Structure formats: C-alpha cells, structure tokens
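Below is one structure; the comments refer to it alone.
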Amino acid sequence: ARDVLTMVVSVGAPGQDSAESTWRRFDAFKREVEQVPGVRAVAWGTNPPFDGSWYGQSFEIEGDPPRQQSDRDLAGYQLVSASYLSILGIPLREGREFLESDRAESPQVCLVDEEFVRRFLRGRPALGTRVSVFSMSMQPPTMVLREIVGVVRQVKERPDELEPRPHVYVPFAQDTAGNATLVVEPADGSAAVLASGVRSAMARVDRDRPVGRVRTLTAIQSEATARPRFRAVLIGTFALLALMLAMVGV
C-alpha cells in the first residue's frame with residue numbers, strides 16, 4: 001500500500017442537509033489540509049482498502065428487465081472525490097476519473113470496477129452504460145440514474161478476500177455520507193509526520209468536529225494482514241514440529 005495518511009471525519013447524519021451543502025463542509029476541510037506543508041494531494045472516500053467495511057446497494061442496469069428490489073443485484077457503494085483513486089494508486093482501465101466539476105448539479109455519473117463489468121455487463125461496453133442505484137442521502141431513498149464514465153482496477157477490501165466483489169464509485173459531491181475518510185498523500189517521506197499538521201488544519205475549520213483514528217494506509221494494511229500472518233506462522237510452526245517428531249521417530 002502507498003504511504004498515505006487516513007483519518008475518519010464526521011460532519012453529521014446523512015439526510016439532514018443536501019448533498020451540496022454537506023459536500024461544502026467536507027470541501028472546506030480538504031482545502032485547509034491542502035495548505036499544510038508537505039502535503040501533495042487530499043481527497044475523500046468512504047471505504048479505503050483493507051479497512052474491512054463494505055456497504056452494498058442494489059442497482060439496475062438500464063435496458064435489463066426490471067426486477068423487484070429484493071431480487072436486484074448488489075454492488076459495493078463508495079463515495080469518492082476527485083484525486084482519490086490516483087492518491088491510492090488505483091489504476092484507471094478505461095474512461096476517465098472523477099473531476100472537480102462533477103457536482104450535484106452536473107450530469108450524474110459513476111465509475112465501476114473490473115468485477116462489475118465482468119459479472120453484470122457480460123461483454124457489453126461499460127462506458128456510456130447507465131446504472132440506477134440508490135442514493136445514500138435522499139430521503140426517502142431514491143434510485144438515481146448514473147452514466148458509467150470509467151472503469152477502475154479491482155481492489156481487495158481484505159487481504160484474505162477469496163472472491164472479488166463488484167463496486168460502484170460515485171462522486172462525493174453528488175451524494176453524501178455522515179462520515180468519510182480523508183486521505184492525504186505526502187509530497188515525499190513518511191505520511192505519519194503529517195498527522196499533527198493535518199489535525200491542526202482540521203481544527204482551524206471546526207475545532208469541535210469529531211476526528212477519528214489517524215493512521216497510515218500501510219498501518220491499516222499491516223493490521224488487516226496480522227491475523228493471516230499469525231495463522232501462517234502457527235501452521236508453519238506445527239508443521240516444523242511434526243517434521244522434527246517424524247525425524248526423531250525414524
């Protein structure tokens with residue numbers, strides 16, 4: 001994983017404000033953190049890799065036979081801002097990434113990953129296909145028709161993930177969530193040294209705003225792989241012990 005700093009920030013419960021007003025508060029934090037010395041790029045996302053969380057939303061592909069909500073397919077639903085994919089090093093396979101101009105009043109767009117294309121489009125071109133997916137912020141929940149403008153590489157949510165999960169990415173400014181993860185890319189060196197400056201920048205915008213755990217993406221990856229590593233070491237130890245006992249027996 002890249003050496004990227006992450007922190008969870010809450011701006012309130014989704015549905016209390018419009019997506020645009022909520023995004024303005026998130027954007028104010030982003031712009032302040034961008035001024036911290038040593039910061040190259042800043043973005044928002046709801047589920048960074050290896051954090052183990054998954055939020056699924058039902059969807060319909062335009063042109064497919066309509067189905068009842070209980071029968072619709074599910075895909076992971078992530079809200080991300082411009083630069084999020086490039087900061088985390090997630091390659092774009094075709095099309096374009098999100099732009100700063102993808103706002104609430106702009107045409108509704110989305111990105112999908114390779115597994116979404118393989119599983120649900122079945123040979124059809126992804127770019128230009130439109131997908132109806134439930135919005136996180138609208139009350140009552142409403143299906144929003146979005147055009148696929150890009151396809152990104154498949155990303156594991158957990159290191160021990162056996163089967164890839166399909167995902168839909170939506171511009172943060174076109175939907176909203178009460179909590180999001182700020183990702184900060186350092187200009188050089190370790191991301192951990194930016195923690196103090198980033199916290200101070202957040203406090204300048206809103207001192208009372210709750211800020212969650214501050215970690216590097218490398219640390220998140222290490223924590224996520226700790227249990228599989230322990231199991232591997234344990235199995236290896238028992239295997240070695242069994243081999244030694246067999247040798248003694250011989």
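Going through the structure tokens in order, the chains are called A, B, and so on, while each chain numbers its residues from 1 and the ligands are numbered from 1 in the order shown.
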
Near-A:Leu5 list (7 Å; only C-alpha atoms; drop same-chain fewer than 3 positions) as a compact mmCIF listing (two decimals) with N, CA and C atoms, in the first residue's frame:
# COMPACT_ATOMS: atom_id res chain seq x y z
N VAL A 183 -8.01 11.15 2.94
CA VAL A 183 -6.74 10.53 2.56
C VAL A 183 -5.79 11.63 2.12
N VAL A 184 -4.57 11.58 2.67
CA VAL A 184 -3.59 12.65 2.45
C VAL A 184 -2.30 12.02 1.92
N GLU A 185 -1.89 12.46 0.75
CA GLU A 185 -0.65 11.97 0.15
C GLU A 185 0.49 12.93 0.45
N ALA A 191 4.16 9.51 5.56
CA ALA A 191 2.88 10.19 5.75
C ALA A 191 2.61 10.46 7.23
N ALA A 192 3.18 9.63 8.11
CA ALA A 192 2.90 9.77 9.54
C ALA A 192 3.30 11.12 10.09
N ARG A 215 -4.34 7.09 10.94
CA ARG A 215 -3.41 6.00 10.63
C ARG A 215 -2.89 6.15 9.20
N THR A 216 -1.77 5.52 8.92
CA THR A 216 -1.32 5.44 7.54
C THR A 216 -1.96 4.21 6.91
N LEU A 217 -2.07 4.25 5.59
CA LEU A 217 -2.64 3.11 4.88
C LEU A 217 -1.75 1.88 5.05

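Taking only C-alpha atoms, the non-local environment of stretch 99-101 of chain A within 9 Å (same-chain residues fewer than 3 positions away omitted) comprises Ser81, Ala82, Ser83, Arg96, Ser106, Pro171 and Ala173 of chain A.
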
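The spacing separating atom CA of A:Lys30 from atom CA of A:Met143 amounts to 28.5 Å.
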
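The space between atom CA of A:Pro125 and atom CA of A:Val151 spans 10.5 Å.
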
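If only C-alpha atoms are the atoms counted, then among A:Pro166, A:Pro48, A:Gly150, A:Pro66 the closest residue to A:Ser132 is A:Pro66.
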
As a ChimeraX atom specification, please: every residue in stretch 6-161 of chain A that DSSP puts in strand (DSSP E or B). /A:6-10,39-45,56-61,74-80,92-95,109-113,130-134,143-152

Shortest contact to A:Val80, candidates A:Ala43, A:Pro141, A:Glu163, A:Arg118, atoms counted only C-alpha atoms, goes to A:Ala43

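Atom CA of A:Ser196 to atom CA of A:Leu182 spans 14.2 Å [interatomic distance, one decimal].
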
Enumerate, in order of chain and increasing residue number, the residues of stretch 91-174 of chain A with an atom no farther than 10 Å from stretch 178-181 of chain A, each with its shortest atom pair and distance in Å to one decimal, counting only C-alpha atoms, as JSON lines.
{"residue": "A:Met136", "atom": "CA", "partner": "A:Gly178", "partner_atom": "CA", "distance": 9.7}
{"residue": "A:Ser137", "atom": "CA", "partner": "A:Gly178", "partner_atom": "CA", "distance": 9.0}
{"residue": "A:Phe172", "atom": "CA", "partner": "A:Ala180", "partner_atom": "CA", "distance": 9.6}

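Shortest separation to A:Trp23 among A:Val42, A:Arg103, A:Ile87, A:Pro140 occurs at residue A:Arg103, atoms counted being only C-alpha atoms.
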
How would you write, as a PyMOL selection string, the set of residues in stretch 65-190 of chain A that DSSP gives as alpha helix (DSSP H)? chain A and resi 84-88+114-116

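Checking A:Val8, A:Ile90, A:Met202, A:Val109 one by one against A:Arg25, counting only C-alpha atoms, you find the shortest gap at A:Met202.
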
Of the listed residues A:Asp175, A:Glu114, A:Glu157, A:Asp3, that which approaches A:Tyr55 most closely, counting only C-alpha atoms: A:Glu157

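For the choices A:Gly63, A:Gly89, A:Gly45, A:Gly56, the atom-to-atom distance to A:Val155 is smallest for A:Gly89 when using only C-alpha atoms.
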